[in-house]
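*Asks:* TSV, C-alpha atoms and all ligand atoms, saved as target-v5.tsv, coming up:
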```
chain	number	residue	atom	x	y	z
L	13	MET	CA	120.53	81.17	181.62
L	14	GLU	CA	119.46	83.95	179.30
L	15	THR	CA	120.59	83.59	175.69
L	16	PRO	CA	122.43	86.71	174.51
L	17	ALA	CA	120.52	88.74	171.93
L	18	ALA	CA	121.80	88.12	168.38
L	19	GLN	CA	124.08	90.89	167.13
L	20	PRO	CA	122.58	92.70	164.13
L	21	LYS	CA	124.51	91.88	160.97
L	22	LYS	CA	126.94	94.46	159.65
L	23	ILE	CA	125.95	95.95	156.31
L	24	VAL	CA	128.17	95.69	153.25
L	25	TYR	CA	127.27	97.89	150.27
L	26	SER	CA	128.81	98.37	146.85
L	27	GLY	CA	127.68	99.12	143.33
L	28	ILE	CA	128.92	99.06	139.77
L	29	GLN	CA	127.75	101.31	136.95
L	30	PRO	CA	126.17	99.61	133.93
L	31	SER	CA	128.07	102.14	131.82
L	32	GLY	CA	129.71	99.57	129.56
L	33	THR	CA	130.86	95.97	129.56
L	34	LEU	CA	132.53	95.20	132.87
L	35	THR	CA	136.30	94.90	132.72
L	36	ILE	CA	138.81	92.71	134.48
L	37	GLY	CA	139.59	95.93	136.45
L	38	ASN	CA	136.04	96.06	137.83
L	39	TYR	CA	136.33	92.34	138.61
L	40	ILE	CA	139.69	92.46	140.41
L	41	GLY	CA	139.12	95.79	142.15
L	42	ALA	CA	135.56	95.19	143.26
L	43	LEU	CA	133.43	92.25	142.13
L	44	ARG	CA	135.65	89.36	143.20
L	45	ASN	CA	135.80	90.81	146.71
L	46	PHE	CA	132.03	90.98	147.03
L	47	ASN	CA	131.54	87.41	148.19
L	48	ARG	CA	134.18	87.45	150.88
L	49	PHE	CA	131.78	88.33	153.69
L	50	PRO	CA	130.38	85.42	155.73
L	51	ASP	CA	126.61	85.66	155.68
L	52	ASP	CA	126.19	84.92	159.39
L	53	GLU	CA	127.95	88.21	160.13
L	54	TYR	CA	127.16	90.44	157.16
L	55	GLN	CA	124.15	91.44	155.10
L	56	CYS	CA	125.43	92.51	151.68
L	57	LEU	CA	123.70	94.79	149.20
L	58	TYR	CA	125.03	95.01	145.65
L	59	SER	CA	123.45	97.58	143.42
L	60	VAL	CA	123.38	98.12	139.67
L	61	VAL	CA	123.95	101.86	139.88
L	62	ASP	CA	122.10	103.01	136.79
L	63	MET	CA	121.50	106.50	138.25
L	64	HIS	CA	125.26	107.05	138.32
L	65	ALA	CA	125.57	105.79	134.75
L	66	ILE	CA	123.48	108.64	133.28
L	67	THR	CA	126.02	111.24	134.45
L	68	VAL	CA	127.52	110.35	131.07
L	69	ARG	CA	125.19	110.26	128.04
L	70	GLN	CA	123.86	106.70	127.48
L	71	ASP	CA	121.79	105.05	124.81
L	72	ALA	CA	118.54	104.24	126.68
L	73	ALA	CA	117.90	100.80	125.18
L	74	ALA	CA	121.51	99.75	125.65
L	75	LEU	CA	121.57	100.98	129.26
L	76	ARG	CA	118.35	99.09	130.09
L	77	LYS	CA	119.85	95.90	128.66
L	78	ARG	CA	123.13	96.39	130.51
L	79	CYS	CA	121.29	96.71	133.85
L	80	LEU	CA	119.92	93.19	133.52
L	81	ASP	CA	123.23	92.00	132.18
L	82	LEU	CA	125.12	93.37	135.18
L	83	ALA	CA	122.69	91.74	137.61
L	84	ALA	CA	123.39	88.44	135.82
L	85	ILE	CA	127.14	89.10	136.09
L	86	TYR	CA	126.81	89.62	139.85
L	87	ILE	CA	125.15	86.23	140.16
L	88	ALA	CA	127.51	84.55	137.68
L	89	ALA	CA	130.46	85.85	139.72
L	90	GLY	CA	129.18	83.81	142.65
L	91	LEU	CA	126.81	86.11	144.55
L	92	ASP	CA	123.94	84.02	145.82
L	93	PRO	CA	120.79	86.07	145.13
L	94	LYS	CA	119.08	84.46	148.12
L	95	LYS	CA	121.73	85.78	150.49
L	96	ASN	CA	122.80	89.02	148.81
L	97	ILE	CA	120.43	91.87	147.99
L	98	ILE	CA	121.06	92.47	144.29
L	99	TYR	CA	118.94	95.34	142.99
L	100	CYS	CA	118.80	98.36	140.66
L	101	GLN	CA	119.52	101.74	142.24
L	102	SER	CA	116.74	103.48	140.30
L	103	HIS	CA	114.17	101.08	141.80
L	104	VAL	CA	114.81	102.53	145.27
L	105	SER	CA	113.83	106.19	145.34
L	106	GLY	CA	115.49	106.66	148.74
L	107	HIS	CA	118.86	107.00	146.96
L	108	ALA	CA	117.74	110.20	145.24
L	109	GLU	CA	115.86	111.52	148.27
L	110	LEU	CA	118.80	111.08	150.62
L	111	ALA	CA	121.20	112.48	148.03
L	112	TRP	CA	119.22	115.74	147.99
L	113	ILE	CA	119.48	116.08	151.75
L	114	LEU	CA	123.19	115.24	151.74
L	115	ASN	CA	123.79	117.79	148.95
L	116	CYS	CA	122.83	120.38	151.54
L	117	PHE	CA	125.58	119.08	153.84
L	118	THR	CA	128.36	118.99	151.22
L	119	TYR	CA	130.51	121.94	150.24
L	120	MET	CA	131.26	123.00	146.68
L	121	GLY	CA	134.95	123.13	147.62
L	122	GLU	CA	134.87	119.43	148.57
L	123	LEU	CA	133.31	118.44	145.25
L	124	ASN	CA	135.74	120.67	143.35
L	125	ARG	CA	138.60	118.55	144.69
L	126	MET	CA	137.28	115.23	143.36
L	127	THR	CA	139.72	113.84	140.81
L	128	GLN	CA	137.11	111.65	139.08
L	129	PHE	CA	135.09	114.79	138.28
L	130	LYS	CA	138.16	116.38	136.76
L	131	ASP	CA	138.99	113.25	134.73
L	132	LYS	CA	135.44	112.73	133.51
L	133	SER	CA	134.98	116.44	132.68
L	134	ALA	CA	138.06	116.22	130.51
L	135	LYS	CA	136.76	113.05	128.83
L	136	HIS	CA	133.24	114.46	128.31
L	137	ALA	CA	133.93	118.15	127.74
L	138	ASP	CA	130.65	118.54	125.79
L	139	ASN	CA	128.53	117.33	128.73
L	140	ILE	CA	129.86	118.56	132.08
L	141	ASN	CA	126.53	118.27	133.85
L	142	ALA	CA	125.61	118.94	137.48
L	143	GLY	CA	125.05	115.20	138.04
L	144	LEU	CA	128.68	114.51	137.20
L	145	PHE	CA	129.66	117.13	139.78
L	146	THR	CA	127.40	115.80	142.55
L	147	TYR	CA	128.06	112.10	141.73
L	148	PRO	CA	130.02	111.64	144.99
L	149	VAL	CA	127.04	112.87	147.03
L	150	LEU	CA	124.79	110.29	145.41
L	151	MET	CA	127.46	107.71	146.20
L	152	ALA	CA	127.51	108.87	149.83
L	153	ALA	CA	123.72	108.51	149.90
L	154	ASP	CA	123.95	104.99	148.42
L	155	ILE	CA	126.23	103.94	151.24
L	156	LEU	CA	124.69	105.84	154.17
L	157	LEU	CA	121.12	104.89	153.23
L	158	PHE	CA	121.70	101.38	154.58
L	159	ASN	CA	123.87	102.18	157.60
L	160	THR	CA	126.72	100.50	155.79
L	161	SER	CA	129.82	99.46	157.73
L	162	VAL	CA	131.97	98.11	154.90
L	163	VAL	CA	132.34	99.20	151.26
L	164	PRO	CA	134.40	96.90	148.98
L	165	ILE	CA	135.76	99.11	146.16
L	166	GLY	CA	138.79	99.75	143.97
L	167	ALA	CA	141.40	102.38	144.82
L	168	ASP	CA	139.92	104.91	142.36
L	169	GLN	CA	136.88	105.27	144.64
L	170	LYS	CA	138.90	105.98	147.83
L	171	GLN	CA	138.45	109.73	147.57
L	172	HIS	CA	134.67	109.38	147.17
L	173	LEU	CA	134.50	107.09	150.19
L	174	GLU	CA	136.46	109.60	152.26
L	175	LEU	CA	133.89	112.24	151.31
L	176	ALA	CA	131.04	109.91	152.34
L	177	ARG	CA	132.75	109.49	155.72
L	178	ASP	CA	133.16	113.27	156.09
L	179	ILE	CA	129.50	113.88	155.26
L	180	ALA	CA	128.39	111.19	157.74
L	181	GLN	CA	130.55	112.67	160.49
L	182	ARG	CA	129.36	116.21	159.72
L	183	PHE	CA	125.71	115.13	159.85
L	184	ASN	CA	126.26	113.11	163.04
L	185	GLY	CA	128.00	116.12	164.58
L	186	ILE	CA	124.82	118.16	164.13
L	187	TYR	CA	122.07	115.60	164.73
L	188	GLY	CA	123.60	112.85	166.87
L	189	ASP	CA	124.62	109.34	165.81
L	190	VAL	CA	122.42	108.94	162.76
L	191	PHE	CA	124.82	107.34	160.26
L	192	THR	CA	127.34	104.55	160.64
L	193	VAL	CA	130.68	105.90	159.39
L	194	PRO	CA	131.68	103.39	156.66
L	195	GLU	CA	135.09	101.81	156.09
L	196	GLY	CA	136.50	100.97	152.65
L	197	LYS	CA	137.68	97.44	151.95
L	198	PHE	CA	140.37	97.10	149.32
L	199	GLY	CA	142.00	93.99	147.87
L	200	LYS	CA	145.68	93.28	148.60
L	201	VAL	CA	146.71	93.51	144.97
L	202	GLY	CA	145.15	94.92	141.78
L	203	THR	CA	143.22	97.69	143.49
L	204	ARG	CA	143.99	99.75	140.39
L	205	VAL	CA	144.24	97.71	137.21
L	206	MET	CA	145.73	99.79	134.41
L	207	SER	CA	144.87	100.20	130.73
L	208	LEU	CA	146.51	97.65	128.43
L	209	GLN	CA	147.45	100.40	125.98
L	210	GLU	CA	148.35	103.22	128.39
L	211	PRO	CA	149.46	101.45	131.56
L	212	THR	CA	149.83	104.71	133.49
L	213	ARG	CA	146.04	105.19	133.26
L	214	LYS	CA	143.29	103.22	134.98
L	215	MET	CA	141.52	100.55	132.93
L	216	SER	CA	137.95	101.80	132.34
L	217	LYS	CA	134.94	100.17	130.75
L	218	SER	CA	134.02	103.32	128.82
L	219	ASP	CA	137.45	103.60	127.13
L	220	PRO	CA	138.28	102.15	123.68
L	221	GLU	CA	137.95	98.34	123.32
L	222	ASP	CA	141.63	97.46	123.04
L	223	THR	CA	142.48	99.13	126.39
L	224	TYR	CA	140.57	96.63	128.52
L	225	ILE	CA	139.68	92.97	128.89
L	226	ALA	CA	135.92	92.66	129.16
L	227	LEU	CA	134.51	89.96	131.43
L	228	LEU	CA	132.54	88.59	128.49
L	229	ASP	CA	135.36	88.70	125.91
L	230	PRO	CA	135.78	85.31	124.19
L	231	PRO	CA	139.19	83.59	124.65
L	232	ASP	CA	140.52	84.58	121.22
L	233	VAL	CA	139.76	88.26	121.89
L	234	ILE	CA	141.42	88.07	125.32
L	235	ARG	CA	144.48	86.44	123.74
L	236	ARG	CA	144.69	89.13	121.05
L	237	LYS	CA	144.27	92.06	123.47
L	238	ILE	CA	146.94	90.75	125.85
L	239	LYS	CA	149.32	90.04	122.98
L	240	ARG	CA	149.02	93.71	121.99
L	241	ALA	CA	149.36	95.05	125.56
L	242	VAL	CA	152.04	97.72	125.89
L	243	THR	CA	155.20	96.60	127.77
L	244	ASP	CA	158.69	98.13	127.39
L	245	SER	CA	161.93	97.49	125.56
L	246	ASP	CA	164.21	95.99	128.23
L	247	ALA	CA	162.66	92.48	128.40
L	248	GLU	CA	163.12	91.95	132.15
L	249	ILE	CA	160.14	90.65	134.12
L	250	ARG	CA	160.15	92.68	137.31
L	251	PHE	CA	157.50	94.47	139.38
L	252	ASP	CA	158.37	98.17	139.17
L	253	PRO	CA	155.27	100.29	138.44
L	254	ALA	CA	157.20	103.58	138.11
L	255	ASN	CA	159.62	102.32	135.46
L	256	LYS	CA	157.82	99.30	134.03
L	257	PRO	CA	154.09	100.11	134.26
L	258	GLY	CA	152.96	97.69	131.53
L	259	VAL	CA	154.84	94.66	132.86
L	260	SER	CA	153.89	95.51	136.46
L	261	ASN	CA	150.23	95.72	135.47
L	262	LEU	CA	150.35	92.25	133.90
L	263	LEU	CA	152.07	90.86	137.00
L	264	SER	CA	149.37	92.42	139.22
L	265	ILE	CA	146.65	90.78	137.16
L	266	ILE	CA	148.32	87.37	137.56
L	267	ALA	CA	148.87	87.91	141.30
L	268	ALA	CA	145.31	89.08	141.93
L	269	LEU	CA	143.70	86.23	140.00
L	270	THR	CA	145.92	83.51	141.48
L	271	ASP	CA	145.86	84.92	145.04
L	272	THR	CA	149.64	85.27	145.13
L	273	THR	CA	151.90	88.29	145.41
L	274	VAL	CA	153.43	90.25	142.55
L	275	GLU	CA	156.86	89.09	143.70
L	276	GLU	CA	155.80	85.45	143.48
L	277	ALA	CA	154.29	86.05	140.05
L	278	ALA	CA	157.55	87.67	138.89
L	279	ALA	CA	159.73	84.93	140.41
L	280	GLU	CA	157.75	82.24	138.62
L	281	LEU	CA	158.58	83.89	135.28
L	282	ALA	CA	162.16	84.95	136.04
L	283	GLY	CA	164.50	84.74	133.07
L	284	GLN	CA	161.67	84.31	130.56
L	285	GLY	CA	160.58	86.71	127.82
L	286	TYR	CA	157.50	88.92	127.60
L	287	GLY	CA	155.90	86.36	125.30
L	288	LYS	CA	155.78	83.90	128.23
L	289	LEU	CA	154.49	86.61	130.59
L	290	LYS	CA	151.65	87.38	128.20
L	291	GLU	CA	150.86	83.67	127.77
L	292	ARG	CA	150.64	83.29	131.55
L	293	VAL	CA	148.31	86.31	131.93
L	294	THR	CA	146.16	85.01	129.09
L	295	ASP	CA	145.83	81.53	130.66
L	296	VAL	CA	145.00	82.94	134.09
L	297	VAL	CA	142.41	85.39	132.74
L	298	ILE	CA	140.72	82.83	130.49
L	299	SER	CA	140.52	80.17	133.19
L	300	THR	CA	139.05	82.73	135.64
L	301	LEU	CA	136.47	84.01	133.20
L	302	GLU	CA	135.34	80.77	131.55
L	303	PRO	CA	133.04	79.60	134.38
L	304	LEU	CA	131.67	83.12	134.89
L	305	GLN	CA	130.90	83.44	131.19
L	306	ALA	CA	129.17	80.05	131.06
L	307	GLU	CA	126.99	80.91	134.07
L	308	HIS	CA	126.21	84.36	132.66
L	309	LYS	CA	125.08	82.80	129.38
L	310	ARG	CA	122.86	80.35	131.25
L	311	LEU	CA	121.29	83.16	133.28
L	312	MET	CA	120.70	85.42	130.30
L	313	ALA	CA	118.78	82.60	128.62
L	314	ASP	CA	116.23	83.12	131.42
L	315	LYS	CA	115.90	86.90	131.69
L	316	GLY	CA	112.61	86.47	133.59
L	317	TYR	CA	114.51	84.85	136.45
L	318	VAL	CA	117.03	87.72	136.66
L	319	GLN	CA	114.27	90.32	136.42
L	320	GLY	CA	112.41	88.50	139.20
L	321	ILE	CA	115.43	88.79	141.47
L	322	LEU	CA	115.71	92.52	140.79
L	323	ASP	CA	111.99	92.99	141.52
L	324	GLU	CA	112.04	91.02	144.77
L	325	ASN	CA	115.21	92.64	146.06
L	326	ALA	CA	114.06	96.15	145.18
L	327	GLU	CA	111.22	95.62	147.64
L	328	ILE	CA	113.58	94.52	150.41
L	329	ALA	CA	116.01	97.38	149.70
L	330	ASN	CA	113.12	99.87	149.60
L	331	HIS	CA	111.95	98.70	152.97
L	332	MET	CA	115.42	99.10	154.51
L	333	ALA	CA	115.98	102.46	152.80
L	334	THR	CA	112.67	103.93	153.91
L	335	ARG	CA	113.44	103.22	157.56
L	336	MET	CA	116.67	105.19	157.34
L	337	LEU	CA	115.23	107.93	155.18
L	338	ARG	CA	112.37	108.64	157.59
L	339	LYS	CA	114.87	108.94	160.43
L	340	VAL	CA	116.97	111.44	158.49
L	341	GLN	CA	113.93	113.42	157.31
L	342	ARG	CA	112.76	113.71	160.88
L	343	LYS	CA	116.20	114.84	162.07
L	344	VAL	CA	116.39	117.66	159.52
L	345	GLY	CA	112.86	118.79	160.38
L	346	PHE	CA	110.71	117.73	157.43
L	347	ALA	CA	106.96	117.85	158.07
L	348	ASP	CA	105.34	114.91	159.87
L	349	ARG	CA	103.37	112.48	157.75
L	350	GLY	CA	99.74	111.95	158.81
L	351	ARG	CA	99.19	108.43	160.19
L	352	LYS	CA	96.12	106.70	158.82
L	401	LIG	N1	140.83	99.70	136.73
L	401	LIG	C1	140.29	99.37	137.89
L	401	LIG	N2	141.02	98.70	138.81
L	401	LIG	C2	140.47	98.33	140.00
L	401	LIG	N3	139.19	98.61	140.34
L	401	LIG	C3	138.44	99.27	139.44
L	401	LIG	N4	137.16	99.69	139.46
L	401	LIG	C4	136.87	100.33	138.30
L	401	LIG	N5	137.94	100.33	137.51
L	401	LIG	C5	138.94	99.69	138.19
L	401	LIG	C6	136.25	99.47	140.57
L	401	LIG	O1	135.06	98.89	140.04
L	401	LIG	C7	133.96	99.33	140.81
L	401	LIG	C8	132.86	99.81	139.94
L	401	LIG	O2	133.25	100.97	139.27
L	401	LIG	P1	132.15	101.87	138.60
L	401	LIG	O3	131.58	101.21	137.42
L	401	LIG	O4	131.15	102.27	139.59
L	401	LIG	O5	132.91	103.18	138.24
L	401	LIG	P2	134.37	103.47	137.79
L	401	LIG	O6	135.28	103.34	138.94
L	401	LIG	O7	134.33	104.81	137.12
L	401	LIG	O8	134.66	102.30	136.75
L	401	LIG	P3	135.02	102.40	135.25
L	401	LIG	O9	135.19	101.00	134.72
L	401	LIG	O10	136.17	103.34	135.05
L	401	LIG	O11	133.68	103.00	134.63
L	401	LIG	P4	133.48	104.22	133.66
L	401	LIG	O12	134.37	103.99	132.49
L	401	LIG	O13	132.03	104.20	133.31
L	401	LIG	O14	133.85	105.45	134.45
L	401	LIG	C9	134.47	100.40	141.78
L	401	LIG	O15	134.62	99.84	143.06
L	401	LIG	C10	135.80	100.77	141.20
L	401	LIG	O16	136.71	101.19	142.20
```
Translate this file's structure into structure tokens.

*Replies:*
Amino acid sequence: METPAAQPKKIVYSGIQPSGTLTIGNYIGALRNFNRFPDDEYQCLYSVVDMHAITVRQDAAALRKRCLDLAAIYIAAGLDPKKNIIYCQSHVSGHAELAWILNCFTYMGELNRMTQFKDKSAKHADNINAGLFTYPVLMAADILLFNTSVVPIGADQKQHLELARDIAQRFNGIYGDVFTVPEGKFGKVGTRVMSLQEPTRKMSKSDPEDTYIALLDPPDVIRRKIKRAVTDSDAEIRFDPANKPGVSNLLSIIAALTDTTVEEAAAELAGQGYGKLKERVTDVVISTLEPLQAEHKRLMADKGYVQGILDENAEIANHMATRMLRKVQRKVGFADRGRK
């Protein structure tokens, strides 16, 4: 009997910007979901998206250091570098090359509607650059470059993913089935972790220190930040984001990190004060981050090892990207390359 041909693995792609110290929001919304794909079915690529990071002005030395640091965080969070392709976006020139082509298949009106552009333009009014505007096209290129099927991301990136799907469908409509149309994969809870100080706004790594919990914050800092987190004045522990955004945010963090529901997290604390709620969040966050921090420290003591992983994986990613890029270039009619 003939053995059936092995199915090609589905591609999973995601990236995080080395634009600051990663927060518990990045962890809950994205990073912790990265290793939920069995490796017999999926090939996962996780990129340090340094090209996205420069849409906001960065200190060059700090950015370079954070790239290595983020790669170490990926590994410390449990991503096996032998099974997952962990690499730096800027090491694979196909990202930029495909982004240019996709720019020509994206409308200004679509980019004008992107809420992240509006938010970031307001935050960085002195530097509203074209890269910030076309950021979603580069993100579409990141994803489509590898024929990605699944993109694990937080809710704030939903709109960008929708655009990537629209661009893929538009391109396929003209040239045939070139791109896989990707699906987003969102966690059940904590897809949008909110700022500790302004719980109606998303927690962001480039906001002031006291608004977020950084993955590498020591326990005493975590304790202090959570103690100061904004709640409300009625002292009832209940999940109600519209009326109790601060308390609801803390309940979501507990639920996400303990794999329970917000209702279960609230029930466990029923009748207790906000002091107890904050103690519970603190314990859960510290016990989640302690092993990650220890592993990160161990990895950063051997930067050569982390750099080696980035170098090796850039080669693999380049190989995969070039295959796709050549196909797209041919479809749009770029000149043939002489074969030697
Ligand atoms: N607060 C959040 N809650 C849930 N998920 C979040 N993500 C970011 N913030 C939250 C998810 O983390 C992944 C990586 O995000 P990114 O670094 O590429 O960009 P971002 O969404 O703009 O994240 P930040 O922390 O807000 O960065 P800055 O401050 O540089 O803009 C994404 O999957 C995102 O959804």

*Asks:* Please, which residues have at least one atom within 8 Å of an atom of ligand LIG 401 (chain L), using all atoms listed in the file, listed as a compact mmCIF listing (two decimals) with C-alpha atoms, in the coordinates of the input?

*Replies:*
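The result, stored in result02.txt:
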```
# COMPACT_ATOMS: atom_id res chain seq x y z
CA SER L 26 128.81 98.37 146.85
CA GLY L 27 127.68 99.12 143.33
CA ILE L 28 128.92 99.06 139.77
CA GLN L 29 127.75 101.31 136.95
CA PRO L 30 126.17 99.61 133.93
CA SER L 31 128.07 102.14 131.82
CA GLY L 32 129.71 99.57 129.56
CA LEU L 34 132.53 95.20 132.87
CA THR L 35 136.30 94.90 132.72
CA ILE L 36 138.81 92.71 134.48
CA GLY L 37 139.59 95.93 136.45
CA ASN L 38 136.04 96.06 137.83
CA TYR L 39 136.33 92.34 138.61
CA ILE L 40 139.69 92.46 140.41
CA GLY L 41 139.12 95.79 142.15
CA ALA L 42 135.56 95.19 143.26
CA LEU L 43 133.43 92.25 142.13
CA VAL L 61 123.95 101.86 139.88
CA HIS L 64 125.26 107.05 138.32
CA ALA L 65 125.57 105.79 134.75
CA VAL L 68 127.52 110.35 131.07
CA GLN L 128 137.11 111.65 139.08
CA LYS L 132 135.44 112.73 133.51
CA PRO L 164 134.40 96.90 148.98
CA ILE L 165 135.76 99.11 146.16
CA GLY L 166 138.79 99.75 143.97
CA ALA L 167 141.40 102.38 144.82
CA ASP L 168 139.92 104.91 142.36
CA GLN L 169 136.88 105.27 144.64
CA LYS L 170 138.90 105.98 147.83
CA GLY L 202 145.15 94.92 141.78
CA THR L 203 143.22 97.69 143.49
CA ARG L 204 143.99 99.75 140.39
CA VAL L 205 144.24 97.71 137.21
CA MET L 206 145.73 99.79 134.41
CA SER L 207 144.87 100.20 130.73
CA LYS L 214 143.29 103.22 134.98
CA MET L 215 141.52 100.55 132.93
CA SER L 216 137.95 101.80 132.34
CA LYS L 217 134.94 100.17 130.75
CA SER L 218 134.02 103.32 128.82
CA ASP L 219 137.45 103.60 127.13
```

*Asks:* Which residues are near region 177-179 of chain L? Cut-off 8 Å, only C-alpha atoms, ignore same chain within fewer than 3 positions. Put them as a PyMOL selection string.

*Replies:* chain L and resi 114+117-118+152+173-174+182-183+193-194

*Asks:* What is the CA of Tyr286 (chain L) to CA of Gly258 (chain L) distance in Å?

*Replies:*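 Interatomic distance here is 10.6 Å.
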
*Asks:* Report as a PyMOL selection string all protein, DNA and RNA residues lying within 7 Å of Thr192 (chain L), evaluated on all atoms listed in the file, omitting residues in the same chain fewer than 4 positions from it.

*Replies:* chain L and resi 159-161

*Asks:* Determine the nearest neighbour of Ala241 (chain L) from the options L:Lys290, L:Lys256, L:Arg310, L:Arg213, counting only C-alpha atoms.

*Replies:*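 Of L:Lys290, L:Lys256, L:Arg310, L:Arg213, the one nearest Ala241 (chain L) is L:Lys290, counting only C-alpha atoms.
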
*Asks:* Of the residues L:Asp62, L:Asp252, L:Asp348, L:Asp229, which is the one nearest to Leu304 (chain L), using only C-alpha atoms?

*Replies:*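 Of L:Asp62, L:Asp252, L:Asp348, L:Asp229, the one nearest Leu304 (chain L), counting only C-alpha atoms, is L:Asp229.
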
*Asks:* List the neighbours of Asn139 (chain L) out to 12 Å using only C-alpha atoms; skip same-chain residues closer than 6 positions along the sequence, and give me the result as a list in words.

*Replies:*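 Listing them by chain and then by number gives Ile66, Thr67, Val68, Arg69, Gln70, Phe129, Lys132, Ser133 and Phe145 of chain L.
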
*Asks:* Create the file for the chosen residues now, containing C-alpha atoms and written as a PDB file, keeping the file's coordinate frame.

*Replies:*
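See again24.pdb below for the written result:
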```pdb
ATOM      1  CA  ILE L  66     123.480 108.640 133.280  1.00  0.00           C
ATOM      2  CA  THR L  67     126.020 111.240 134.450  1.00  0.00           C
ATOM      3  CA  VAL L  68     127.520 110.350 131.070  1.00  0.00           C
ATOM      4  CA  ARG L  69     125.190 110.260 128.040  1.00  0.00           C
ATOM      5  CA  GLN L  70     123.860 106.700 127.480  1.00  0.00           C
ATOM      6  CA  PHE L 129     135.090 114.790 138.280  1.00  0.00           C
ATOM      7  CA  LYS L 132     135.440 112.730 133.510  1.00  0.00           C
ATOM      8  CA  SER L 133     134.980 116.440 132.680  1.00  0.00           C
ATOM      9  CA  PHE L 145     129.660 117.130 139.780  1.00  0.00           C
TER      10      PHE L 145
END
```

*Asks:* Given the choices L:Ile249, L:Ile140, L:Ala226, L:Ala88, which gets closest to Gly287 (chain L) if the distance is worked out from only C-alpha atoms?

*Replies:*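 Answer, going by the shortest atom-to-atom distance: L:Ile249.
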
*Asks:* Expressed in Å to a single decimal, how great is the separation between CA of Leu301 (chain L) and CA of Gly320 (chain L)?

*Replies:*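 Atom-to-atom, CA of Leu301 (chain L) to CA of Gly320 (chain L), that is 25.2 Å.
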
*Asks:* Which value, in Å to one decimal, gives the distance between CA of Ala137 (chain L) and CA of Met120 (chain L)?

*Replies:*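 Going from CA of Ala137 (chain L) over to CA of Met120 (chain L), I get 19.7 Å.
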
*Asks:* Just the residues within 12 Å of Asn330 (chain L), please, counting all atoms listed in the file, with nothing from its chain fewer than 4 positions along; format it as a list in words.

*Replies:*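 These residues fall inside the cut-off: Leu57, Ile97, Tyr99, Cys100, Gln101, Ser102, His103, Val104, Ser105, Gly106, His107, Leu157, Phe158, Leu322, Asp323, Glu324, Asn325, Ala326, Thr334, Arg335, Met336, Leu337 and Arg338 of chain L.
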
*Asks:* Identify which of the residues L:Thr294, L:Thr243, L:Gln19, L:Gln319 lies closest to Ile266 (chain L), counting only C-alpha atoms when measuring atom-to-atom distances.

*Replies:*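 The answer is L:Thr294, which sits nearest to Ile266 (chain L).
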
*Asks:* Got a sec: who's within 9 Å of region 185-187 of chain L, counting all atoms listed in the file, leaving out chain neighbours fewer than 3 positions off, as number ranges by chain?

*Replies:* L: 180-182, 190, 343-344

*Asks:* Which one is closest to Gly143 (chain L): L:Val259, L:Ala108, L:Ala83, L:Ala254? Count all atoms listed in the file.

*Replies:* L:Ala108

*Asks:* Name the residues, using the chain letters and numbers of the file, that sit within 10 Å of (141.7, 85.9, 135.1) when counting all atoms listed in the file, and give them as a list in words.

*Replies:*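 Using all atoms listed in the file, the matching residues come out as Ile36, Tyr39, Ile40, Ile225, Leu227, Ile265, Ile266, Ala267, Ala268, Leu269, Thr270, Arg292, Val293, Thr294, Asp295, Val296, Val297, Ile298, Ser299, Thr300, Leu301 and Glu302 of chain L.
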
*Asks:* Using all atoms listed in the file, which of the listed residues (L:Cys56, L:Leu311, L:Val201, L:Leu150) sits closest to Thr273 (chain L)?

*Replies:* L:Val201
